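Listing of target29.cif, mmCIF, C-alpha atoms
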```cif
data_model
#
loop_
_atom_site.group_PDB
_atom_site.id
_atom_site.type_symbol
_atom_site.label_atom_id
_atom_site.label_comp_id
_atom_site.auth_asym_id
_atom_site.auth_seq_id
_atom_site.Cartn_x
_atom_site.Cartn_y
_atom_site.Cartn_z
ATOM 1 C CA MET A 63 -10.372 -13.416 -9.502
ATOM 2 C CA HIS A 64 -9.944 -10.149 -7.683
ATOM 3 C CA PRO A 65 -6.712 -8.134 -7.842
ATOM 4 C CA PHE A 66 -5.158 -7.344 -4.481
ATOM 5 C CA TYR A 67 -3.106 -4.222 -3.985
ATOM 6 C CA TRP A 68 -1.963 -2.110 -1.093
ATOM 7 C CA GLU A 69 -4.021 1.080 -1.121
ATOM 8 C CA SER A 70 -2.105 4.013 0.297
ATOM 9 C CA ALA A 71 -4.234 6.561 2.094
ATOM 10 C CA HIS A 72 -2.383 9.202 0.061
ATOM 11 C CA GLY A 73 -2.224 7.278 -3.236
ATOM 12 C CA ASN A 74 0.780 5.555 -4.796
ATOM 13 C CA PHE A 75 0.995 4.938 -8.536
ATOM 14 C CA GLY A 76 3.190 1.834 -8.181
ATOM 15 C CA ASP A 77 0.461 0.054 -6.248
ATOM 16 C CA ASP A 78 -2.516 1.622 -8.020
ATOM 17 C CA LEU A 79 -1.484 0.214 -11.404
ATOM 18 C CA ASN A 80 -2.733 -3.181 -10.200
ATOM 19 C CA LEU A 81 -6.243 -1.865 -10.847
ATOM 20 C CA TRP A 82 -5.794 -2.160 -14.637
ATOM 21 C CA LEU A 83 -2.502 -3.916 -15.471
ATOM 22 C CA TRP A 84 -3.917 -7.394 -14.940
ATOM 23 C CA ASP A 85 -6.799 -6.785 -17.338
ATOM 24 C CA PHE A 86 -4.099 -6.339 -19.997
ATOM 25 C CA LEU A 87 -1.901 -9.253 -18.919
ATOM 26 C CA LEU A 88 -4.716 -11.716 -18.135
ATOM 27 C CA PRO A 89 -7.835 -10.633 -20.059
ATOM 28 C CA GLY A 90 -10.968 -12.062 -18.478
ATOM 29 C CA PHE A 91 -9.320 -12.893 -15.147
ATOM 30 C CA ARG A 92 -12.116 -11.147 -13.251
ATOM 31 C CA GLU A 93 -14.695 -13.554 -14.687
ATOM 32 C CA VAL A 94 -13.060 -16.774 -13.422
ATOM 33 C CA HIS A 95 -12.570 -18.198 -9.919
ATOM 34 C CA PRO A 96 -14.186 -15.420 -7.843
ATOM 35 C CA GLU A 97 -12.814 -17.065 -4.691
ATOM 36 C CA ILE A 98 -9.186 -16.359 -5.660
ATOM 37 C CA LEU A 99 -7.189 -13.249 -4.856
ATOM 38 C CA LEU A 100 -4.592 -12.277 -7.483
ATOM 39 C CA VAL A 101 -1.584 -10.889 -5.596
ATOM 40 C CA GLY A 102 0.618 -8.978 -7.998
ATOM 41 C CA VAL A 103 2.683 -5.787 -8.029
ATOM 42 C CA GLY A 104 3.881 -4.469 -4.691
ATOM 43 C CA THR A 105 5.771 -5.243 -1.503
ATOM 44 C CA VAL A 106 2.721 -7.033 -0.150
ATOM 45 C CA LEU A 107 3.937 -10.426 1.090
ATOM 46 C CA ASN A 108 3.171 -9.223 4.566
ATOM 47 C CA GLN A 109 1.160 -10.938 7.276
ATOM 48 C CA ALA A 110 -0.555 -7.674 8.200
ATOM 49 C CA LEU A 111 -1.809 -6.990 4.666
ATOM 50 C CA LEU A 112 -3.042 -10.243 3.146
ATOM 51 C CA PRO A 113 -6.298 -11.841 4.310
ATOM 52 C CA LYS A 114 -6.274 -15.325 5.790
ATOM 53 C CA ALA A 115 -8.457 -18.245 4.720
ATOM 54 C CA THR A 116 -8.525 -16.958 1.132
ATOM 55 C CA ARG A 117 -6.843 -18.658 -1.797
ATOM 56 C CA LYS A 118 -4.102 -16.439 -3.179
ATOM 57 C CA LEU A 119 -2.410 -16.631 -6.578
ATOM 58 C CA VAL A 120 0.914 -14.806 -6.350
ATOM 59 C CA VAL A 121 2.679 -13.458 -9.429
ATOM 60 C CA GLY A 122 5.601 -11.077 -9.021
ATOM 61 C CA SER A 123 4.944 -9.788 -5.499
ATOM 62 C CA GLY A 124 7.754 -8.875 -3.148
ATOM 63 C CA PHE A 125 8.710 -9.019 0.504
ATOM 64 C CA GLY A 126 10.207 -6.073 2.330
ATOM 65 C CA TYR A 127 8.102 -5.040 5.303
ATOM 66 C CA GLY A 128 6.688 -6.712 8.383
ATOM 67 C CA LYS A 129 6.438 -10.477 8.768
ATOM 68 C CA LEU A 130 5.901 -13.070 6.095
ATOM 69 C CA PRO A 131 2.547 -14.856 6.236
ATOM 70 C CA ASP A 132 2.478 -18.622 6.684
ATOM 71 C CA LEU A 133 2.891 -19.869 3.112
ATOM 72 C CA SER A 134 2.907 -23.575 3.923
ATOM 73 C CA ASP A 135 -0.710 -24.408 3.030
ATOM 74 C CA PRO A 136 -0.922 -25.223 -0.717
ATOM 75 C CA SER A 137 -4.703 -24.960 -0.596
ATOM 76 C CA GLU A 138 -4.322 -21.286 0.307
ATOM 77 C CA TRP A 139 -1.236 -20.325 -1.722
ATOM 78 C CA ASP A 140 -0.240 -20.765 -5.354
ATOM 79 C CA ILE A 141 3.039 -18.880 -5.810
ATOM 80 C CA ARG A 142 4.000 -18.784 -9.488
ATOM 81 C CA CYS A 143 6.838 -16.275 -9.174
ATOM 82 C CA VAL A 144 7.988 -13.364 -7.035
ATOM 83 C CA ARG A 145 9.671 -10.006 -7.656
ATOM 84 C CA GLY A 146 13.299 -11.056 -7.291
ATOM 85 C CA PRO A 147 15.782 -13.592 -5.904
ATOM 86 C CA LEU A 148 15.905 -12.022 -2.434
ATOM 87 C CA THR A 149 12.153 -12.447 -2.010
ATOM 88 C CA ALA A 150 12.408 -15.976 -3.420
ATOM 89 C CA GLU A 151 14.948 -16.902 -0.755
ATOM 90 C CA LYS A 152 12.800 -15.355 1.980
ATOM 91 C CA VAL A 153 9.760 -17.406 1.042
ATOM 92 C CA GLY A 154 11.743 -20.609 0.462
ATOM 93 C CA LEU A 155 11.563 -20.725 -3.337
ATOM 94 C CA ASP A 156 14.229 -21.391 -5.925
ATOM 95 C CA ARG A 157 15.980 -18.076 -6.729
ATOM 96 C CA ARG A 158 15.052 -18.619 -10.378
ATOM 97 C CA LEU A 159 11.413 -17.960 -9.438
ATOM 98 C CA GLY A 160 12.403 -14.413 -8.470
ATOM 99 C CA ILE A 161 11.766 -13.278 -12.037
ATOM 100 C CA ILE A 162 10.882 -9.568 -12.176
ATOM 101 C CA ASP A 163 8.417 -6.965 -10.966
ATOM 102 C CA PRO A 164 5.366 -7.303 -13.265
ATOM 103 C CA ALA A 165 5.144 -3.509 -13.522
ATOM 104 C CA VAL A 166 7.698 -3.737 -16.355
ATOM 105 C CA MET A 167 4.908 -5.102 -18.562
ATOM 106 C CA VAL A 168 3.189 -1.715 -18.520
ATOM 107 C CA ALA A 169 5.608 -0.710 -21.284
ATOM 108 C CA ASP A 170 3.929 -3.287 -23.568
ATOM 109 C CA MET A 171 0.500 -1.680 -23.273
ATOM 110 C CA PRO A 172 -0.605 -0.010 -26.535
ATOM 111 C CA GLU A 173 -1.725 3.186 -24.797
ATOM 112 C CA PHE A 174 1.870 3.823 -23.702
ATOM 113 C CA ALA A 175 3.451 2.987 -27.049
ATOM 114 C CA ASN A 176 5.152 5.648 -29.170
ATOM 115 C CA LEU A 177 4.478 8.502 -26.767
ATOM 116 C CA PRO A 178 6.169 11.732 -27.864
ATOM 117 C CA LYS A 179 9.356 12.419 -25.943
ATOM 118 C CA THR A 180 9.943 15.611 -24.003
ATOM 119 C CA ASP A 181 13.276 17.013 -22.888
ATOM 120 C CA ASP A 182 12.222 16.818 -19.272
ATOM 121 C CA ALA A 183 14.379 15.451 -16.490
ATOM 122 C CA ILE A 184 11.938 14.523 -13.735
ATOM 123 C CA PHE A 185 12.019 13.699 -10.031
ATOM 124 C CA VAL A 186 9.639 11.126 -8.560
ATOM 125 C CA PRO A 187 9.951 10.908 -4.765
ATOM 126 C CA HIS A 188 8.761 8.080 -2.565
ATOM 127 C CA TRP A 189 5.176 8.747 -1.572
ATOM 128 C CA GLU A 190 6.214 9.271 2.062
ATOM 129 C CA SER A 191 8.392 12.200 0.969
ATOM 130 C CA THR A 192 5.280 14.080 -0.125
ATOM 131 C CA VAL A 193 4.205 14.245 3.521
ATOM 132 C CA GLY A 194 5.535 17.601 4.674
ATOM 133 C CA GLY A 195 7.998 17.948 1.800
ATOM 134 C CA ILE A 196 8.339 20.975 -0.482
ATOM 135 C CA TRP A 197 9.708 19.027 -3.428
ATOM 136 C CA PRO A 198 7.915 20.985 -6.182
ATOM 137 C CA THR A 199 9.805 24.089 -5.017
ATOM 138 C CA VAL A 200 13.092 22.203 -4.700
ATOM 139 C CA CYS A 201 12.696 20.629 -8.146
ATOM 140 C CA LYS A 202 12.078 23.985 -9.793
ATOM 141 C CA ALA A 203 15.305 25.338 -8.308
ATOM 142 C CA ALA A 204 17.214 22.164 -9.240
ATOM 143 C CA GLY A 205 16.106 22.151 -12.891
ATOM 144 C CA LEU A 206 13.827 19.136 -12.601
ATOM 145 C CA VAL A 207 10.134 18.586 -13.236
ATOM 146 C CA TYR A 208 8.353 17.347 -10.115
ATOM 147 C CA VAL A 209 6.085 14.320 -10.596
ATOM 148 C CA ASP A 210 3.799 13.474 -7.683
ATOM 149 C CA PRO A 211 3.890 9.699 -6.986
ATOM 150 C CA CYS A 212 0.461 10.035 -5.367
ATOM 151 C CA GLY A 213 -1.051 11.248 -8.635
ATOM 152 C CA GLU A 214 -3.202 9.252 -11.035
ATOM 153 C CA ALA A 215 -1.131 6.213 -12.017
ATOM 154 C CA LYS A 216 -1.386 6.487 -15.795
ATOM 155 C CA SER A 217 -0.480 10.177 -15.735
ATOM 156 C CA VAL A 218 2.608 9.444 -13.628
ATOM 157 C CA ILE A 219 3.621 6.610 -15.960
ATOM 158 C CA ARG A 220 3.211 8.780 -19.059
ATOM 159 C CA ALA A 221 5.447 11.420 -17.478
ATOM 160 C CA ILE A 222 8.096 8.747 -16.871
ATOM 161 C CA ALA A 223 7.808 7.260 -20.352
ATOM 162 C CA GLN A 224 8.102 10.652 -22.053
ATOM 163 C CA SER A 225 11.039 11.979 -20.030
ATOM 164 C CA ARG A 226 14.734 11.898 -20.916
ATOM 165 C CA LEU A 227 15.902 11.181 -17.343
ATOM 166 C CA VAL A 228 14.214 9.999 -14.145
ATOM 167 C CA VAL A 229 15.643 10.818 -10.743
ATOM 168 C CA ALA A 230 13.875 8.222 -8.645
ATOM 169 C CA GLU A 231 13.346 7.842 -4.947
ATOM 170 C CA SER A 232 10.261 5.784 -5.784
ATOM 171 C CA MET A 233 11.353 2.265 -6.709
ATOM 172 C CA HIS A 234 8.565 1.921 -9.240
ATOM 173 C CA ALA A 235 9.673 5.141 -10.896
ATOM 174 C CA ALA A 236 13.008 3.442 -11.577
ATOM 175 C CA ILE A 237 11.344 0.175 -12.616
ATOM 176 C CA LEU A 238 9.054 1.946 -15.087
ATOM 177 C CA ALA A 239 11.863 4.174 -16.364
ATOM 178 C CA ASP A 240 13.981 1.095 -17.010
ATOM 179 C CA ALA A 241 11.054 -0.638 -18.721
ATOM 180 C CA PHE A 242 10.562 2.347 -21.038
ATOM 181 C CA ARG A 243 14.352 2.527 -21.636
ATOM 182 C CA VAL A 244 14.657 5.900 -19.912
ATOM 183 C CA PRO A 245 17.931 6.357 -17.969
ATOM 184 C CA TRP A 246 17.452 6.758 -14.224
ATOM 185 C CA VAL A 247 19.332 7.810 -11.095
ATOM 186 C CA ALA A 248 18.376 6.374 -7.700
ATOM 187 C CA VAL A 249 18.233 8.726 -4.712
ATOM 188 C CA SER A 250 17.116 8.480 -1.105
ATOM 189 C CA THR A 251 16.105 11.079 1.455
ATOM 190 C CA SER A 252 16.528 8.673 4.351
ATOM 191 C CA PRO A 253 19.661 6.743 5.373
ATOM 192 C CA ASN A 254 17.325 4.209 6.993
ATOM 193 C CA ILE A 255 15.480 3.301 3.794
ATOM 194 C CA ASN A 256 14.617 -0.354 3.312
ATOM 195 C CA SER A 257 16.946 -1.224 0.441
ATOM 196 C CA PHE A 258 15.898 -4.891 0.355
ATOM 197 C CA LYS A 259 13.133 -4.369 -2.199
ATOM 198 C CA TRP A 260 15.334 -2.223 -4.447
ATOM 199 C CA GLN A 261 18.117 -4.826 -4.410
ATOM 200 C CA ASP A 262 15.540 -7.550 -5.018
ATOM 201 C CA TRP A 263 14.396 -5.913 -8.265
ATOM 202 C CA ALA A 264 17.877 -4.690 -9.286
ATOM 203 C CA ALA A 265 19.259 -8.242 -9.184
ATOM 204 C CA THR A 266 16.735 -9.346 -11.809
ATOM 205 C CA VAL A 267 18.012 -6.952 -14.485
ATOM 206 C CA GLY A 268 21.667 -6.724 -13.498
ATOM 207 C CA VAL A 269 21.830 -3.192 -12.117
ATOM 208 C CA ALA A 270 23.120 -1.948 -8.767
ATOM 209 C CA TYR A 271 21.216 0.006 -6.156
ATOM 210 C CA ARG A 272 23.556 2.765 -4.990
ATOM 211 C CA PRO A 273 21.294 5.692 -4.143
ATOM 212 C CA ARG A 274 22.609 9.224 -3.860
ATOM 213 C CA TYR A 275 21.628 10.802 -0.553
ATOM 214 C CA ILE A 276 19.332 13.842 -0.736
ATOM 215 C CA PRO A 277 18.619 15.772 2.504
ATOM 216 C CA VAL A 278 14.969 16.202 3.464
ATOM 217 C CA SER A 279 13.398 19.369 2.118
ATOM 218 C CA SER A 280 11.709 20.798 5.210
ATOM 219 C CA ARG A 281 11.359 20.615 8.958
ATOM 220 C CA ALA A 282 7.889 19.096 8.546
ATOM 221 C CA GLU A 283 9.286 16.315 6.374
ATOM 222 C CA ALA A 284 12.064 15.687 8.899
ATOM 223 C CA ILE A 285 9.483 15.328 11.653
ATOM 224 C CA THR A 286 7.407 12.795 9.719
ATOM 225 C CA LYS A 287 10.497 10.751 8.810
ATOM 226 C CA GLY A 288 12.394 11.059 12.077
ATOM 227 C CA ALA A 289 15.289 12.624 10.136
ATOM 228 C CA ARG A 290 17.780 15.458 10.655
ATOM 229 C CA PHE A 291 17.192 18.959 9.359
ATOM 230 C CA TRP A 292 19.809 21.690 9.732
ATOM 231 C CA GLY A 293 21.538 19.822 12.547
ATOM 232 C CA VAL A 294 18.370 19.100 14.522
ATOM 233 C CA ASP A 295 17.572 15.421 14.980
ATOM 234 C CA PHE A 296 13.862 14.601 14.774
ATOM 235 C CA ALA A 297 14.391 10.872 15.286
ATOM 236 C CA ASN A 298 11.172 9.075 16.132
ATOM 237 C CA SER A 299 11.789 6.174 18.473
ATOM 238 C CA GLU A 300 8.232 4.815 18.224
ATOM 239 C CA PRO A 301 8.078 1.482 16.361
ATOM 240 C CA GLN A 302 6.146 1.699 13.110
ATOM 241 C CA PRO A 303 3.376 -0.833 12.373
ATOM 242 C CA ASP A 304 3.715 -3.413 9.608
ATOM 243 C CA ASN A 305 0.843 -1.864 7.648
ATOM 244 C CA PRO A 306 2.146 1.411 6.141
ATOM 245 C CA ASN A 307 -1.340 2.969 6.287
ATOM 246 C CA GLU A 308 -1.175 2.775 10.079
ATOM 247 C CA ARG A 309 2.056 4.774 10.362
ATOM 248 C CA SER A 310 1.851 7.945 12.399
ATOM 249 C CA PHE A 311 1.913 10.621 9.697
ATOM 250 C CA ASP A 312 0.410 14.021 10.406
ATOM 251 C CA ASP A 313 -2.101 14.581 7.596
ATOM 252 C CA SER A 314 -1.980 18.314 8.226
ATOM 253 C CA LEU A 315 1.524 18.278 6.740
ATOM 254 C CA VAL A 316 0.501 16.782 3.389
ATOM 255 C CA MET A 317 0.869 19.177 0.462
ATOM 256 C CA THR A 318 -2.477 19.884 -1.170
ATOM 257 C CA ARG A 319 -3.591 22.343 -3.785
ATOM 258 C CA SER A 320 -6.170 23.748 -1.365
ATOM 259 C CA ASP A 321 -3.563 24.882 1.164
ATOM 260 C CA PRO A 322 -3.537 28.663 1.719
ATOM 261 C CA ARG A 323 -0.926 30.466 -0.314
ATOM 262 C CA PRO A 324 2.098 31.169 1.892
ATOM 263 C CA SER A 325 3.578 34.641 2.133
ATOM 264 C CA ALA A 326 6.488 35.517 -0.168
ATOM 265 C CA LEU A 327 8.799 35.889 2.826
ATOM 266 C CA ARG A 328 7.855 32.536 4.274
ATOM 267 C CA SER A 329 8.277 30.844 0.881
ATOM 268 C CA ALA A 330 11.700 32.419 0.435
ATOM 269 C CA ALA A 331 12.740 31.255 3.905
ATOM 270 C CA LYS A 332 11.625 27.684 3.181
ATOM 271 C CA GLN A 333 13.472 27.684 -0.117
ATOM 272 C CA LEU A 334 16.617 28.944 1.561
ATOM 273 C CA LEU A 335 16.414 26.209 4.208
ATOM 274 C CA ALA A 336 15.939 23.644 1.431
ATOM 275 C CA ALA A 337 19.194 24.730 -0.272
ATOM 276 C CA PRO A 338 21.064 21.484 0.659
ATOM 277 C CA SER A 339 18.215 19.456 -0.899
ATOM 278 C CA THR A 340 18.308 21.606 -4.020
ATOM 279 C CA LEU A 341 22.068 21.244 -4.421
ATOM 280 C CA ALA A 342 21.988 17.468 -3.915
ATOM 281 C CA LEU A 343 19.110 17.042 -6.343
ATOM 282 C CA ARG A 344 20.874 19.203 -8.934
ATOM 283 C CA GLN A 345 23.959 17.001 -8.582
ATOM 284 C CA ALA A 346 21.819 13.882 -8.965
ATOM 285 C CA ARG A 347 20.418 15.294 -12.214
ATOM 286 C CA LYS A 348 23.989 15.552 -13.542
ATOM 287 C CA ALA A 349 25.124 12.144 -12.251
ATOM 288 C CA GLU A 350 25.826 9.151 -14.492
ATOM 289 C CA PRO A 351 22.467 7.374 -14.887
ATOM 290 C CA GLN A 352 21.754 3.662 -15.073
ATOM 291 C CA LEU A 353 19.851 1.493 -17.523
ATOM 292 C CA SER A 354 19.706 -2.283 -17.660
ATOM 293 C CA ALA A 355 20.875 -4.117 -20.761
ATOM 294 C CA ASP A 356 18.180 -4.610 -23.393
ATOM 295 C CA GLY A 357 18.764 -8.349 -23.400
ATOM 296 C CA ALA A 358 18.542 -8.706 -19.613
ATOM 297 C CA LEU A 359 15.181 -6.976 -19.470
ATOM 298 C CA ALA A 360 13.820 -8.846 -22.497
ATOM 299 C CA GLU A 361 14.847 -12.229 -21.047
ATOM 300 C CA ARG A 362 13.054 -11.535 -17.771
ATOM 301 C CA LYS A 363 9.909 -10.361 -19.545
ATOM 302 C CA ASP A 364 9.892 -13.540 -21.620
ATOM 303 C CA ARG A 365 10.127 -15.633 -18.469
ATOM 304 C CA LEU A 366 7.211 -13.730 -16.943
ATOM 305 C CA ARG A 367 5.180 -14.302 -20.115
ATOM 306 C CA GLU A 368 5.778 -18.043 -19.690
ATOM 307 C CA VAL A 369 4.445 -17.834 -16.132
ATOM 308 C CA LEU A 370 1.372 -15.953 -17.335
ATOM 309 C CA ALA A 371 0.794 -18.575 -20.025
ATOM 310 C CA GLY A 372 0.884 -21.281 -17.368
ATOM 311 C CA MET A 373 -1.643 -19.384 -15.264
ATOM 312 C CA ARG A 374 -3.980 -19.107 -18.249
ATOM 313 C CA ARG A 375 -3.748 -22.867 -18.861
ATOM 314 C CA ASP A 376 -4.450 -23.695 -15.245
ATOM 315 C CA TYR A 377 -7.142 -21.178 -14.360
ATOM 316 C CA PHE A 378 -8.939 -20.166 -17.552
#
```
Would you encode the structure as structure tokens?
Amino acid sequence: MHPFYWESAHGNFGDDLNLWLWDFLLPGFREVHPEILLVGVGTVLNQALLPKATRKLVVGSGFGYGKLPDLSDPSEWDIRCVRGPLTAEKVGLDRRLGIIDPAVMVADMPEFANLPKTDDAIFVPHWESTVGGIWPTVCKAAGLVYVDPCGEAKSVIRAIAQSRLVVAESMHAAILADAFRVPWVAVSTSPNINSFKWQDWAATVGVAYRPRYIPVSSRAEAITKGARFWGVDFANSEPQPDNPNERSFDDSLVMTRSDPRPSALRSAAKQLLAAPSTLALRQARKAEPQLSADGALAERKDRLREVLAGMRRDYF
């Protein structure tokens, strides 16, 4: 089998973890049935992303963007479970097959066990917020440690596991925080965010998705998101394609370590303009966090283990 995952042009730890998670959950899966695509973590049940005429084994994937593929051919699809009950309903399955996002199983991996805790409260934005955003600067002013969601997946996950609080715009930051029993606060920098996938996962562990709104951090970020910044509306009326990698981001706005160092005056001006973002993020850090009940999470993980056991019987 070959693991399928959506590969962001900028990187996204929540998708990239597919590259090694399945070797832990299904040891030896790469050596059997080379004709099968293992479709796992991610909002990837999307006609524009998944190849046709290839047998696909689905375990824990979600819907949320674009159009559903035609799932009617049993010779092409073996759907064992999906991310949550909302996805299950969309694809015509029993809601009970909306079990959980398999990313929660990362917390069972020995390399993430017993990591020393820090006193850090961290912020993990959605990967799109890194395009044009100045979130490292905002986080420093708000008393949070910035964690880049486009960074190496295991490093991002370790930062989550070792923190005392996760302020999460990235859904998988919240999922992993919950899996590691780290309290989390959901936030959003866009009132138009697709909340379907968040609600899909939240329903599996009995939490609510009520994100706190955080204004965008810069004019460049507002332009890429079609948002408002200091009263100016940068709404983008162009329809976005189903494949996120084909969205019209300006790569020149992406923060990189090789960018020239800005002048002190320009940096101060940007920080001043980001004051609403800083205030909102500081308030989010002090907000009442969430955490699912131990029993709810454990029950869902047990159900996923049963699904994995069935896959091993049938394919190994």
Return as an mmCIF file with C-alpha atoms, in the coordinates of the input the set of residues that the PyMOL selection byres ((chain A and resi 274) around 7) yields on the displayed structure.
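Once written, out29.cif looks like this:
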```
data_model
loop_
_atom_site.group_PDB
_atom_site.id
_atom_site.type_symbol
_atom_site.label_atom_id
_atom_site.label_comp_id
_atom_site.auth_asym_id
_atom_site.auth_seq_id
_atom_site.Cartn_x
_atom_site.Cartn_y
_atom_site.Cartn_z
ATOM 1 C CA ALA A 248 18.376 6.374 -7.700
ATOM 2 C CA VAL A 249 18.233 8.726 -4.712
ATOM 3 C CA SER A 250 17.116 8.480 -1.105
ATOM 4 C CA ARG A 272 23.556 2.765 -4.990
ATOM 5 C CA PRO A 273 21.294 5.692 -4.143
ATOM 6 C CA TYR A 275 21.628 10.802 -0.553
ATOM 7 C CA ILE A 276 19.332 13.842 -0.736
ATOM 8 C CA ALA A 346 21.819 13.882 -8.965
#
```
Practice task
Considering all atoms listed in the file, return as a ChimeraX atom specification whatever protein or nucleic-acid residues lie within 9 Å of Asn80 in chain A, sequence-local ones (same chain, fewer than 3 positions apart) excluded.
Solution key: /A:65-67,76-77,83-85,102-104,165
Can you give me, as a PDB file with C-alpha atoms, keeping the file's coordinate frame, the residues this file yields under the PyMOL selection byres ((chain A and resi 285) around 10)?
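The resulting file, selection-v6.pdb, is reproduced below:
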```
ATOM      1  CA  VAL A 193       4.205  14.245   3.521  1.00  0.00           C
ATOM      2  CA  GLY A 194       5.535  17.601   4.674  1.00  0.00           C
ATOM      3  CA  VAL A 278      14.969  16.202   3.464  1.00  0.00           C
ATOM      4  CA  SER A 280      11.709  20.798   5.210  1.00  0.00           C
ATOM      5  CA  ARG A 281      11.359  20.615   8.958  1.00  0.00           C
ATOM      6  CA  ALA A 282       7.889  19.096   8.546  1.00  0.00           C
ATOM      7  CA  GLU A 283       9.286  16.315   6.374  1.00  0.00           C
ATOM      8  CA  ALA A 284      12.064  15.687   8.899  1.00  0.00           C
ATOM      9  CA  THR A 286       7.407  12.795   9.719  1.00  0.00           C
ATOM     10  CA  LYS A 287      10.497  10.751   8.810  1.00  0.00           C
ATOM     11  CA  GLY A 288      12.394  11.059  12.077  1.00  0.00           C
ATOM     12  CA  ALA A 289      15.289  12.624  10.136  1.00  0.00           C
ATOM     13  CA  ARG A 290      17.780  15.458  10.655  1.00  0.00           C
ATOM     14  CA  PHE A 291      17.192  18.959   9.359  1.00  0.00           C
ATOM     15  CA  ASP A 295      17.572  15.421  14.980  1.00  0.00           C
ATOM     16  CA  PHE A 296      13.862  14.601  14.774  1.00  0.00           C
ATOM     17  CA  ALA A 297      14.391  10.872  15.286  1.00  0.00           C
ATOM     18  CA  ASN A 298      11.172   9.075  16.132  1.00  0.00           C
ATOM     19  CA  PHE A 311       1.913  10.621   9.697  1.00  0.00           C
ATOM     20  CA  ASP A 312       0.410  14.021  10.406  1.00  0.00           C
ATOM     21  CA  LEU A 315       1.524  18.278   6.740  1.00  0.00           C
TER      22      LEU A 315
END
```
Problem - Residues selected by the PyMOL selection byres ((chain A and resi 211) around 9), written as a list in words - result: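 With the PyMOL selection byres ((chain A and resi 211) around 9) on this model, the match is Gly73, Asn74, Phe75, Gly76, Val186, Pro187, His188, Trp189, Thr192, Val209, Asp210, Cys212, Gly213, Glu214, Ala215, Val218, Ser232 and Ala235 of chain A.
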Problem - Pick from A:Val166, A:Ile141, A:Leu79, A:Ala358 nearest to Ser217 in chain A, counting all atoms listed in the file - result: A:Leu79
Exercise for the section: For CA of Leu206 in chain A and CA of Asp182 in chain A, quote the distance in Å rounded to one decimal. Expected result: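 Distance between the two atoms: 7.2 Å.
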Problem - One-decimal distance in Å that lies between CA of Ala349 in chain A and CA of Ile184 in chain A - result: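 Separation between CA of Ile184 in chain A and CA of Ala349 in chain A: 13.5 Å.
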